[in-house]
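Asks: So here's input30.json (JSON, C-alpha atoms).
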```json
[["chain", "number", "residue", "atom", "x", "y", "z"],
["C", 1, "MET", "CA", -38.91, 39.56, -59.30],
["C", 2, "ALA", "CA", -41.46, 40.29, -62.01],
["C", 3, "GLU", "CA", -42.82, 36.73, -62.02],
["C", 4, "ASP", "CA", -43.71, 36.97, -58.35],
["C", 5, "ASP", "CA", -45.62, 40.18, -58.96],
["C", 6, "ASP", "CA", -47.54, 38.45, -61.73],
["C", 7, "ARG", "CA", -48.54, 35.67, -59.36],
["C", 8, "VAL", "CA", -49.70, 38.13, -56.72],
["C", 9, "PHE", "CA", -51.77, 40.17, -59.18],
["C", 10, "LYS", "CA", -53.30, 37.02, -60.65],
["C", 11, "ALA", "CA", -54.07, 35.64, -57.22],
["C", 12, "LEU", "CA", -55.76, 38.91, -56.25],
["C", 13, "ALA", "CA", -57.76, 39.05, -59.48],
["C", 14, "ASP", "CA", -60.48, 36.83, -58.08],
["C", 15, "ALA", "CA", -63.26, 37.75, -55.67],
["C", 16, "THR", "CA", -63.26, 34.41, -53.85],
["C", 17, "ARG", "CA", -59.54, 34.59, -53.19],
["C", 18, "ARG", "CA", -59.80, 38.17, -51.94],
["C", 19, "HIS", "CA", -62.63, 36.99, -49.71],
["C", 20, "LEU", "CA", -60.42, 34.22, -48.33],
["C", 21, "LEU", "CA", -57.71, 36.79, -47.54],
["C", 22, "ASP", "CA", -60.26, 38.98, -45.77],
["C", 23, "ARG", "CA", -61.40, 35.99, -43.70],
["C", 24, "LEU", "CA", -57.80, 35.27, -42.72],
["C", 25, "PHE", "CA", -57.25, 38.93, -41.94],
["C", 26, "GLU", "CA", -60.15, 38.77, -39.50],
["C", 27, "GLN", "CA", -58.92, 35.58, -37.97],
["C", 28, "ASP", "CA", -55.59, 34.14, -38.90],
["C", 29, "GLY", "CA", -54.34, 30.58, -38.64],
["C", 30, "ARG", "CA", -57.42, 28.69, -39.84],
["C", 31, "THR", "CA", -57.96, 25.19, -41.13],
["C", 32, "LEU", "CA", -59.43, 24.34, -44.52],
["C", 33, "THR", "CA", -62.57, 23.09, -42.79],
["C", 34, "GLU", "CA", -63.07, 26.44, -41.03],
["C", 35, "LEU", "CA", -62.56, 28.40, -44.22],
["C", 36, "GLU", "CA", -64.79, 26.07, -46.20],
["C", 37, "SER", "CA", -67.66, 26.52, -43.74],
["C", 38, "GLU", "CA", -67.85, 30.22, -44.62],
["C", 39, "LEU", "CA", -67.92, 29.81, -48.37],
["C", 40, "GLU", "CA", -70.56, 28.35, -50.59],
["C", 41, "MET", "CA", -68.08, 26.22, -52.40],
["C", 42, "THR", "CA", -66.84, 22.65, -52.42],
["C", 43, "ARG", "CA", -63.85, 21.70, -50.32],
["C", 44, "PHE", "CA", -61.97, 21.03, -53.53],
["C", 45, "GLY", "CA", -62.77, 24.52, -54.81],
["C", 46, "VAL", "CA", -61.51, 26.17, -51.62],
["C", 47, "MET", "CA", -58.35, 24.04, -51.76],
["C", 48, "LYS", "CA", -57.69, 25.15, -55.33],
["C", 49, "HIS", "CA", -58.02, 28.81, -54.39],
["C", 50, "LEU", "CA", -55.81, 28.38, -51.34],
["C", 51, "ARG", "CA", -53.23, 26.74, -53.54],
["C", 52, "VAL", "CA", -53.13, 29.77, -55.86],
["C", 53, "LEU", "CA", -52.79, 32.05, -52.82],
["C", 54, "GLU", "CA", -49.97, 29.89, -51.45],
["C", 55, "ASP", "CA", -48.14, 29.89, -54.78],
["C", 56, "ALA", "CA", -48.31, 33.68, -54.78],
["C", 57, "GLY", "CA", -46.95, 33.75, -51.23],
["C", 58, "LEU", "CA", -50.10, 35.43, -49.90],
["C", 59, "VAL", "CA", -50.97, 32.48, -47.70],
["C", 60, "VAL", "CA", -48.50, 30.39, -45.72],
["C", 61, "SER", "CA", -49.61, 27.07, -44.23],
["C", 62, "LEU", "CA", -48.04, 25.64, -41.12],
["C", 63, "ARG", "CA", -48.56, 22.24, -39.57],
["C", 64, "SER", "CA", -49.82, 22.20, -36.02],
["C", 65, "GLY", "CA", -50.14, 18.63, -34.86],
["C", 66, "ARG", "CA", -52.51, 16.93, -37.29],
["C", 67, "GLU", "CA", -53.89, 20.19, -38.57],
["C", 68, "LYS", "CA", -52.72, 22.47, -41.33],
["C", 69, "LEU", "CA", -53.26, 26.11, -40.40],
["C", 70, "HIS", "CA", -53.42, 28.85, -43.01],
["C", 71, "TYR", "CA", -51.90, 32.25, -42.31],
["C", 72, "LEU", "CA", -52.19, 35.46, -44.26],
["C", 73, "ASN", "CA", -48.77, 36.69, -45.38],
["C", 74, "PRO", "CA", -49.12, 40.43, -46.02],
["C", 75, "VAL", "CA", -45.54, 40.98, -47.23],
["C", 76, "PRO", "CA", -46.18, 40.54, -51.01],
["C", 77, "ILE", "CA", -48.94, 43.14, -50.84],
["C", 78, "ARG", "CA", -46.61, 45.48, -48.98],
["C", 79, "LEU", "CA", -43.97, 45.00, -51.67],
["C", 80, "ILE", "CA", -46.49, 45.83, -54.38],
["C", 81, "HIS", "CA", -47.50, 48.86, -52.36],
["C", 82, "ASP", "CA", -43.88, 49.98, -52.12],
["C", 83, "ARG", "CA", -43.26, 49.25, -55.79],
["C", 84, "TRP", "CA", -46.43, 50.68, -57.31],
["C", 85, "ILE", "CA", -47.84, 53.17, -54.84],
["C", 86, "ASP", "CA", -44.89, 54.73, -53.06],
["C", 87, "LYS", "CA", -42.96, 55.16, -56.26],
["C", 88, "TYR", "CA", -45.63, 57.16, -57.99],
["C", 89, "THR", "CA", -48.00, 59.60, -56.40],
["C", 90, "GLU", "CA", -48.81, 58.42, -52.95],
["C", 91, "HIS", "CA", -50.26, 61.79, -51.98],
["C", 92, "ARG", "CA", -52.61, 61.93, -54.90],
["C", 93, "VAL", "CA", -53.60, 58.33, -54.43],
["C", 94, "SER", "CA", -54.32, 58.77, -50.74],
["C", 95, "ALA", "CA", -56.42, 61.84, -51.47],
["C", 96, "LEU", "CA", -58.47, 59.83, -53.94],
["C", 97, "ALA", "CA", -58.75, 56.89, -51.57],
["C", 98, "GLU", "CA", -60.00, 59.24, -48.89],
["C", 99, "LEU", "CA", -62.52, 60.77, -51.27],
["C", 100, "LYS", "CA", -63.78, 57.30, -52.18],
["C", 101, "THR", "CA", -64.11, 56.34, -48.52],
["C", 102, "ARG", "CA", -66.01, 59.51, -47.69],
["C", 103, "LEU", "CA", -68.33, 59.30, -50.66],
["C", 104, "GLU", "CA", -69.10, 55.68, -49.93],
["C", 105, "GLU", "CA", -69.68, 56.35, -46.25],
["C", 106, "THR", "CA", -72.25, 59.05, -46.97],
["C", 107, "ALA", "CA", -73.87, 57.15, -49.84],
["Q", 1, "MET", "CA", -63.00, 47.12, -49.35],
["Q", 2, "SER", "CA", -63.10, 45.51, -45.94],
["Q", 3, "THR", "CA", -62.51, 47.76, -42.96],
["Q", 4, "THR", "CA", -62.73, 44.98, -40.41],
["Q", 5, "THR", "CA", -59.89, 44.98, -37.97],
["Q", 6, "SER", "CA", -58.02, 41.82, -37.22],
["Q", 7, "THR", "CA", -58.73, 40.22, -33.87],
["Q", 8, "ALA", "CA", -56.61, 37.11, -33.55],
["Q", 9, "LEU", "CA", -52.95, 37.90, -33.97],
["Q", 10, "THR", "CA", -51.45, 35.47, -31.50],
["Q", 11, "THR", "CA", -49.33, 33.86, -34.22],
["Q", 12, "GLN", "CA", -48.11, 35.97, -37.09],
["Q", 13, "VAL", "CA", -46.34, 34.57, -40.12],
["Q", 14, "TYR", "CA", -44.38, 36.60, -42.64],
["Q", 15, "GLN", "CA", -42.61, 35.29, -45.69],
["Q", 16, "VAL", "CA", -40.47, 36.99, -48.29],
["Q", 17, "PHE", "CA", -38.21, 35.92, -51.14],
["Q", 18, "ILE", "CA", -34.84, 37.64, -51.14],
["Q", 19, "LYS", "CA", -32.25, 37.43, -53.87],
["Q", 20, "ALA", "CA", -29.25, 36.95, -51.59],
["Q", 21, "THR", "CA", -27.24, 34.18, -49.97],
["Q", 22, "PRO", "CA", -28.31, 32.74, -46.59],
["Q", 23, "GLU", "CA", -25.07, 34.15, -45.13],
["Q", 24, "ALA", "CA", -25.87, 37.67, -46.31],
["Q", 25, "ILE", "CA", -29.37, 37.44, -44.82],
["Q", 26, "TRP", "CA", -27.96, 36.06, -41.57],
["Q", 27, "ASP", "CA", -25.51, 38.96, -41.31],
["Q", 28, "ALA", "CA", -28.25, 41.44, -42.14],
["Q", 29, "ILE", "CA", -30.40, 40.24, -39.23],
["Q", 30, "THR", "CA", -27.68, 39.77, -36.61],
["Q", 31, "ARG", "CA", -25.36, 42.74, -37.09],
["Q", 32, "PRO", "CA", -26.10, 46.30, -35.99],
["Q", 33, "GLU", "CA", -24.51, 48.07, -38.95],
["Q", 34, "PHE", "CA", -27.08, 46.31, -41.18],
["Q", 35, "THR", "CA", -30.17, 46.34, -38.96],
["Q", 36, "ALA", "CA", -29.79, 50.09, -38.41],
["Q", 37, "ARG", "CA", -30.54, 50.52, -42.09],
["Q", 38, "TYR", "CA", -33.93, 48.78, -42.20],
["Q", 39, "PHE", "CA", -35.16, 47.83, -38.69],
["Q", 40, "HIS", "CA", -36.77, 51.12, -37.65],
["Q", 41, "GLY", "CA", -33.26, 52.39, -36.98],
["Q", 42, "ALA", "CA", -32.56, 49.74, -34.31],
["Q", 43, "ARG", "CA", -28.97, 48.56, -33.86],
["Q", 44, "ILE", "CA", -29.40, 44.84, -33.21],
["Q", 45, "THR", "CA", -26.60, 42.53, -32.14],
["Q", 46, "VAL", "CA", -27.32, 38.80, -31.92],
["Q", 47, "THR", "CA", -24.85, 36.41, -30.33],
["Q", 48, "PRO", "CA", -25.43, 32.70, -29.58],
["Q", 49, "ASP", "CA", -27.01, 33.59, -26.25],
["Q", 50, "HIS", "CA", -28.14, 37.20, -26.39],
["Q", 51, "TYR", "CA", -30.32, 39.48, -28.48],
["Q", 52, "ASP", "CA", -29.56, 43.14, -27.93],
["Q", 53, "SER", "CA", -31.39, 45.98, -29.65],
["Q", 54, "ARG", "CA", -30.52, 49.66, -29.20],
["Q", 55, "SER", "CA", -32.06, 52.87, -30.43],
["Q", 56, "PRO", "CA", -29.84, 55.19, -32.47],
["Q", 57, "ASP", "CA", -29.19, 57.01, -29.15],
["Q", 58, "GLY", "CA", -28.21, 53.81, -27.35],
["Q", 59, "GLU", "CA", -31.47, 53.33, -25.42],
["Q", 60, "VAL", "CA", -32.37, 49.67, -24.79],
["Q", 61, "TRP", "CA", -35.10, 48.62, -27.25],
["Q", 62, "GLY", "CA", -34.62, 44.87, -26.87],
["Q", 63, "ASP", "CA", -32.80, 42.69, -24.33],
["Q", 64, "GLU", "CA", -33.70, 39.05, -24.80],
["Q", 65, "ALA", "CA", -32.46, 35.50, -24.58],
["Q", 66, "VAL", "CA", -31.49, 33.70, -27.79],
["Q", 67, "LEU", "CA", -33.23, 30.32, -27.76],
["Q", 68, "GLU", "CA", -31.78, 28.82, -30.95],
["Q", 69, "PHE", "CA", -28.77, 30.00, -32.93],
["Q", 70, "ASP", "CA", -27.99, 28.00, -36.05],
["Q", 71, "PRO", "CA", -26.29, 30.23, -38.64],
["Q", 72, "PRO", "CA", -27.22, 30.82, -41.41],
["Q", 73, "HIS", "CA", -30.52, 28.94, -41.15],
["Q", 74, "ARG", "CA", -32.41, 29.41, -37.94],
["Q", 75, "LEU", "CA", -32.61, 31.98, -35.17],
["Q", 76, "VAL", "CA", -35.12, 32.01, -32.32],
["Q", 77, "HIS", "CA", -35.22, 34.78, -29.73],
["Q", 78, "GLY", "CA", -37.55, 36.34, -27.19],
["Q", 79, "TRP", "CA", -39.41, 39.57, -27.86],
["Q", 80, "ARG", "CA", -40.51, 42.41, -25.66],
["Q", 81, "SER", "CA", -41.21, 45.84, -27.12],
["Q", 82, "LEU", "CA", -39.04, 47.79, -24.68],
["Q", 83, "TYR", "CA", -39.22, 50.88, -26.92],
["Q", 84, "ASP", "CA", -42.77, 51.51, -25.69],
["Q", 85, "PRO", "CA", -43.48, 51.45, -21.92],
["Q", 86, "GLU", "CA", -47.06, 50.27, -22.40],
["Q", 87, "LEU", "CA", -45.96, 47.36, -24.59],
["Q", 88, "ALA", "CA", -42.93, 46.59, -22.43],
["Q", 89, "ASP", "CA", -45.23, 45.61, -19.54],
["Q", 90, "GLU", "CA", -46.80, 42.80, -21.54],
["Q", 91, "GLU", "CA", -45.62, 39.18, -21.43],
["Q", 92, "PRO", "CA", -42.62, 38.22, -23.58],
["Q", 93, "SER", "CA", -43.32, 36.60, -26.94],
["Q", 94, "ARG", "CA", -41.10, 34.74, -29.40],
["Q", 95, "VAL", "CA", -39.67, 35.40, -32.86],
["Q", 96, "THR", "CA", -38.36, 32.66, -35.18],
["Q", 97, "TRP", "CA", -36.34, 33.42, -38.32],
["Q", 98, "GLU", "CA", -35.92, 30.62, -40.87],
["Q", 99, "ILE", "CA", -33.75, 31.02, -43.94],
["Q", 100, "GLU", "CA", -34.26, 28.44, -46.65],
["Q", 101, "SER", "CA", -31.96, 28.46, -49.65],
["Q", 102, "GLN", "CA", -33.58, 27.93, -53.05],
["Q", 103, "GLU", "CA", -32.30, 28.39, -56.59],
["Q", 104, "GLY", "CA", -30.77, 31.84, -56.78],
["Q", 105, "TYR", "CA", -32.63, 33.23, -53.80],
["Q", 106, "CYS", "CA", -33.74, 32.52, -50.27],
["Q", 107, "LEU", "CA", -37.10, 32.18, -48.67],
["Q", 108, "LEU", "CA", -37.17, 33.98, -45.33],
["Q", 109, "THR", "CA", -39.99, 32.99, -42.97],
["Q", 110, "VAL", "CA", -40.50, 34.88, -39.74],
["Q", 111, "THR", "CA", -42.98, 33.65, -37.18],
["Q", 112, "HIS", "CA", -43.88, 35.87, -34.25],
["Q", 113, "ASP", "CA", -45.83, 33.78, -31.77],
["Q", 114, "GLN", "CA", -46.64, 33.24, -28.10],
["Q", 115, "LEU", "CA", -48.50, 36.54, -28.26],
["Q", 116, "GLU", "CA", -51.58, 35.25, -26.40],
["Q", 117, "SER", "CA", -50.99, 37.46, -23.35],
["Q", 118, "SER", "CA", -49.66, 40.43, -25.30],
["Q", 119, "PRO", "CA", -52.51, 41.84, -27.37],
["Q", 120, "LYS", "CA", -51.09, 45.36, -27.61],
["Q", 121, "THR", "CA", -47.71, 44.11, -28.74],
["Q", 122, "ALA", "CA", -49.42, 41.81, -31.25],
["Q", 123, "ALA", "CA", -51.44, 44.66, -32.74],
["Q", 124, "SER", "CA", -48.45, 46.97, -32.79],
["Q", 125, "VAL", "CA", -46.07, 44.64, -34.64],
["Q", 126, "ALA", "CA", -48.79, 43.38, -37.01],
["Q", 127, "GLY", "CA", -49.35, 46.78, -38.54],
["Q", 128, "PRO", "CA", -46.62, 48.32, -40.61],
["Q", 129, "GLY", "CA", -44.18, 47.14, -37.88],
["Q", 130, "TRP", "CA", -42.87, 43.90, -39.31],
["Q", 131, "MET", "CA", -43.76, 44.75, -42.88],
["Q", 132, "MET", "CA", -41.50, 47.78, -42.99],
["Q", 133, "VAL", "CA", -38.73, 45.53, -41.73],
["Q", 134, "PHE", "CA", -39.10, 42.90, -44.48],
["Q", 135, "SER", "CA", -39.62, 45.37, -47.26],
["Q", 136, "GLY", "CA", -36.55, 47.29, -46.09],
["Q", 137, "LEU", "CA", -34.45, 44.15, -45.61],
["Q", 138, "LYS", "CA", -35.26, 42.94, -49.12],
["Q", 139, "THR", "CA", -34.44, 46.34, -50.62],
["Q", 140, "LEU", "CA", -31.18, 46.55, -48.66],
["Q", 141, "LEU", "CA", -30.00, 43.09, -49.70],
["Q", 142, "GLU", "CA", -31.08, 43.29, -53.32],
["Q", 143, "THR", "CA", -30.00, 46.84, -54.09],
["Q", 144, "GLY", "CA", -27.69, 47.82, -51.25],
["Q", 145, "GLU", "CA", -29.91, 50.80, -50.55],
["Q", 146, "PRO", "CA", -32.20, 51.03, -47.54],
["Q", 147, "LEU", "CA", -35.81, 51.92, -48.33],
["Q", 148, "VAL", "CA", -35.80, 54.75, -45.82],
["Q", 149, "GLU", "CA", -32.73, 56.41, -44.40],
["Q", 150, "ALA", "CA", -32.60, 55.51, -40.74]]
```
Let's see the structure in the file written out as structure tokens.
Replies:
Amino acid sequence: MAEDDDRVFKALADATRRHLLDRLFEQDGRTLTELESELEMTRFGVMKHLRVLEDAGLVVSLRSGREKLHYLNPVPIRLIHDRWIDKYTEHRVSALAELKTRLEETA
Amino acid sequence: MSTTTSTALTTQVYQVFIKATPEAIWDAITRPEFTARYFHGARITVTPDHYDSRSPDGEVWGDEAVLEFDPPHRLVHGWRSLYDPELADEEPSRVTWEIESQEGYCLLTVTHDQLESSPKTAASVAGPGWMMVFSGLKTLLETGEPLVEA
């Protein structure tokens, strides 16, 4: 579904939201309060970003007692990978990614 | 780009939209002729009380109790990674499949939890493990073609 892809790309087109995903990747299943404590941003701001991530399907929130826990859902990124990377030149892309990693490691 | 590895994987949540009926998704996750086409080649048969997974050669990859069986909406079963001796020794965990019908498609949510005492299993399934499954399942149901030939 093209619309879903749009939402994922838009959600990823923001440094704070990517940062939130990285935080969840490091430790999944966190509350808003935990996430907020790591960002220099108002609670409302973090909520807004989480909302965009949830609408894109990149974050799923589950209730656990009185708390709402946020989980990273990696499937949309995998689907974009399969759609945009696999289809074209994965070999060339991985060679470039490797070059980038090496150059940045030695820099 | 972050290279940090994930540490806490005791509950894993995966969600995917699939353009198919709940019945088609239910069949695709409970019948071996379908699972063989997207689930790492595993032939999985789910009955109201038993979850059986076999390798293409008939080796036992999964042999678990079914805890909830409510077609075509909810399936809960145990999980042990019997395909890998090191993982097989860890404590059993739990997998919940929820199929929610929306307009023209379904939202499939899979929660793999109770992984507290099974760190190796958790790390193993969190990698491409589950993701290959969902990507393949979506492709199979929406196009009729598996992503990778099993």
Asks: Within 10 Å of Phe34 (chain Q), counting all atoms listed in the file, which residues show up once you throw out same-chain ones fewer than 2 positions away? Write them as a VMD selection string, please.
Replies: chain Q and resid 25 27 to 32 36 to 39 41 to 45 137 140 to 141 146
Asks: Within 12 Å of chain Q, which residues of chain C show up? Give each one with its shortest atom-to-atom distance in Å (one decimal) and the two atoms involved, counting all atoms listed in the file, rows by chain then rising residue number, as a tab-separated table.
Replies:
```
residue	atom	partner	partner_atom	distance
C:Met1	CA	Q:Lys19	CA	8.9
C:Glu3	CA	Q:Phe17	CA	11.8
C:Asp4	CA	Q:Phe17	CA	9.1
C:Asp5	CA	Q:Phe17	CA	11.6
C:Ala15	CA	Q:Met1	CA	11.3
C:Arg18	CA	Q:Met1	CA	9.9
C:His19	CA	Q:Ser2	CA	9.3
C:Leu20	CA	Q:Ser2	CA	11.8
C:Leu21	CA	Q:Ser2	CA	10.4
C:Asp22	CA	Q:Ser2	CA	7.1
C:Arg23	CA	Q:Ser6	CA	9.3
C:Leu24	CA	Q:Ser6	CA	8.6
C:Phe25	CA	Q:Ser6	CA	5.6
C:Glu26	CA	Q:Ser6	CA	4.4
C:Gln27	CA	Q:Ala8	CA	5.2
C:Asp28	CA	Q:Ala8	CA	6.2
C:Gly29	CA	Q:Thr11	CA	7.4
C:Arg30	CA	Q:Ala8	CA	10.5
C:Glu54	CA	Q:Gln15	CA	10.8
C:Asp55	CA	Q:Gln15	CA	11.9
C:Ala56	CA	Q:Val16	CA	10.7
C:Gly57	CA	Q:Gln15	CA	7.2
C:Leu58	CA	Q:Gln15	CA	8.6
C:Val59	CA	Q:Gln15	CA	9.0
C:Val60	CA	Q:Val13	CA	7.3
C:Ser61	CA	Q:Val13	CA	9.2
C:Leu62	CA	Q:Val13	CA	9.1
C:Ser64	CA	Q:Thr11	CA	11.8
C:Leu69	CA	Q:Thr11	CA	10.7
C:His70	CA	Q:Val13	CA	9.5
C:Tyr71	CA	Q:Val13	CA	6.4
C:Leu72	CA	Q:Val13	CA	7.2
C:Asn73	CA	Q:Tyr14	CA	5.2
C:Pro74	CA	Q:Tyr14	CA	7.0
C:Val75	CA	Q:Met131	CA	6.0
C:Pro76	CA	Q:Val16	CA	7.3
C:Ile77	CA	Q:Met131	CA	9.6
C:Arg78	CA	Q:Met131	CA	6.8
C:Leu79	CA	Q:Ser135	CA	6.2
C:Ile80	CA	Q:Ser135	CA	9.9
C:His81	CA	Q:Ser135	CA	10.0
C:Asp82	CA	Q:Ser135	CA	7.9
C:Arg83	CA	Q:Ser135	CA	10.1
C:Asp86	CA	Q:Leu147	CA	10.6
C:Lys87	CA	Q:Leu147	CA	11.2
C:Ala97	CA	Q:Met1	CA	10.9
C:Lys100	CA	Q:Met1	CA	10.6
C:Thr101	CA	Q:Met1	CA	9.3
C:Glu104	CA	Q:Met1	CA	10.5
C:Glu105	CA	Q:Thr3	CA	11.7
```
Asks: If you count all atoms listed in the file, which residues fall within 12 Å of His73 (chain Q), apart from same-chain ones fewer than 5 positions away, as a PDB file with C-alpha atoms, in the coordinates of the input?
Replies:
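For reference, selection-v2.pdb as written:
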```pdb
ATOM      1  CA  THR Q  21     -27.240  34.180 -49.970  1.00  0.00           C
ATOM      2  CA  PRO Q  22     -28.310  32.740 -46.590  1.00  0.00           C
ATOM      3  CA  GLU Q  23     -25.070  34.150 -45.130  1.00  0.00           C
ATOM      4  CA  ALA Q  24     -25.870  37.670 -46.310  1.00  0.00           C
ATOM      5  CA  ILE Q  25     -29.370  37.440 -44.820  1.00  0.00           C
ATOM      6  CA  TRP Q  26     -27.960  36.060 -41.570  1.00  0.00           C
ATOM      7  CA  ASP Q  27     -25.510  38.960 -41.310  1.00  0.00           C
ATOM      8  CA  ILE Q  29     -30.400  40.240 -39.230  1.00  0.00           C
ATOM      9  CA  GLU Q  68     -31.780  28.820 -30.950  1.00  0.00           C
ATOM     10  CA  THR Q  96     -38.360  32.660 -35.180  1.00  0.00           C
ATOM     11  CA  TRP Q  97     -36.340  33.420 -38.320  1.00  0.00           C
ATOM     12  CA  GLU Q  98     -35.920  30.620 -40.870  1.00  0.00           C
ATOM     13  CA  ILE Q  99     -33.750  31.020 -43.940  1.00  0.00           C
ATOM     14  CA  GLU Q 100     -34.260  28.440 -46.650  1.00  0.00           C
ATOM     15  CA  SER Q 101     -31.960  28.460 -49.650  1.00  0.00           C
ATOM     16  CA  CYS Q 106     -33.740  32.520 -50.270  1.00  0.00           C
ATOM     17  CA  LEU Q 107     -37.100  32.180 -48.670  1.00  0.00           C
ATOM     18  CA  LEU Q 108     -37.170  33.980 -45.330  1.00  0.00           C
ATOM     19  CA  THR Q 109     -39.990  32.990 -42.970  1.00  0.00           C
ATOM     20  CA  VAL Q 110     -40.500  34.880 -39.740  1.00  0.00           C
TER      21      VAL Q 110
END
```
Asks: Env of Glu64 (chain Q): 10 Å cut, atoms = only C-alpha atoms, seq-sep filter 6 positions within chain, self excluded. Answer as a ChimeraX atom specification.
Replies: /Q:46,49-53,77-80,92,94
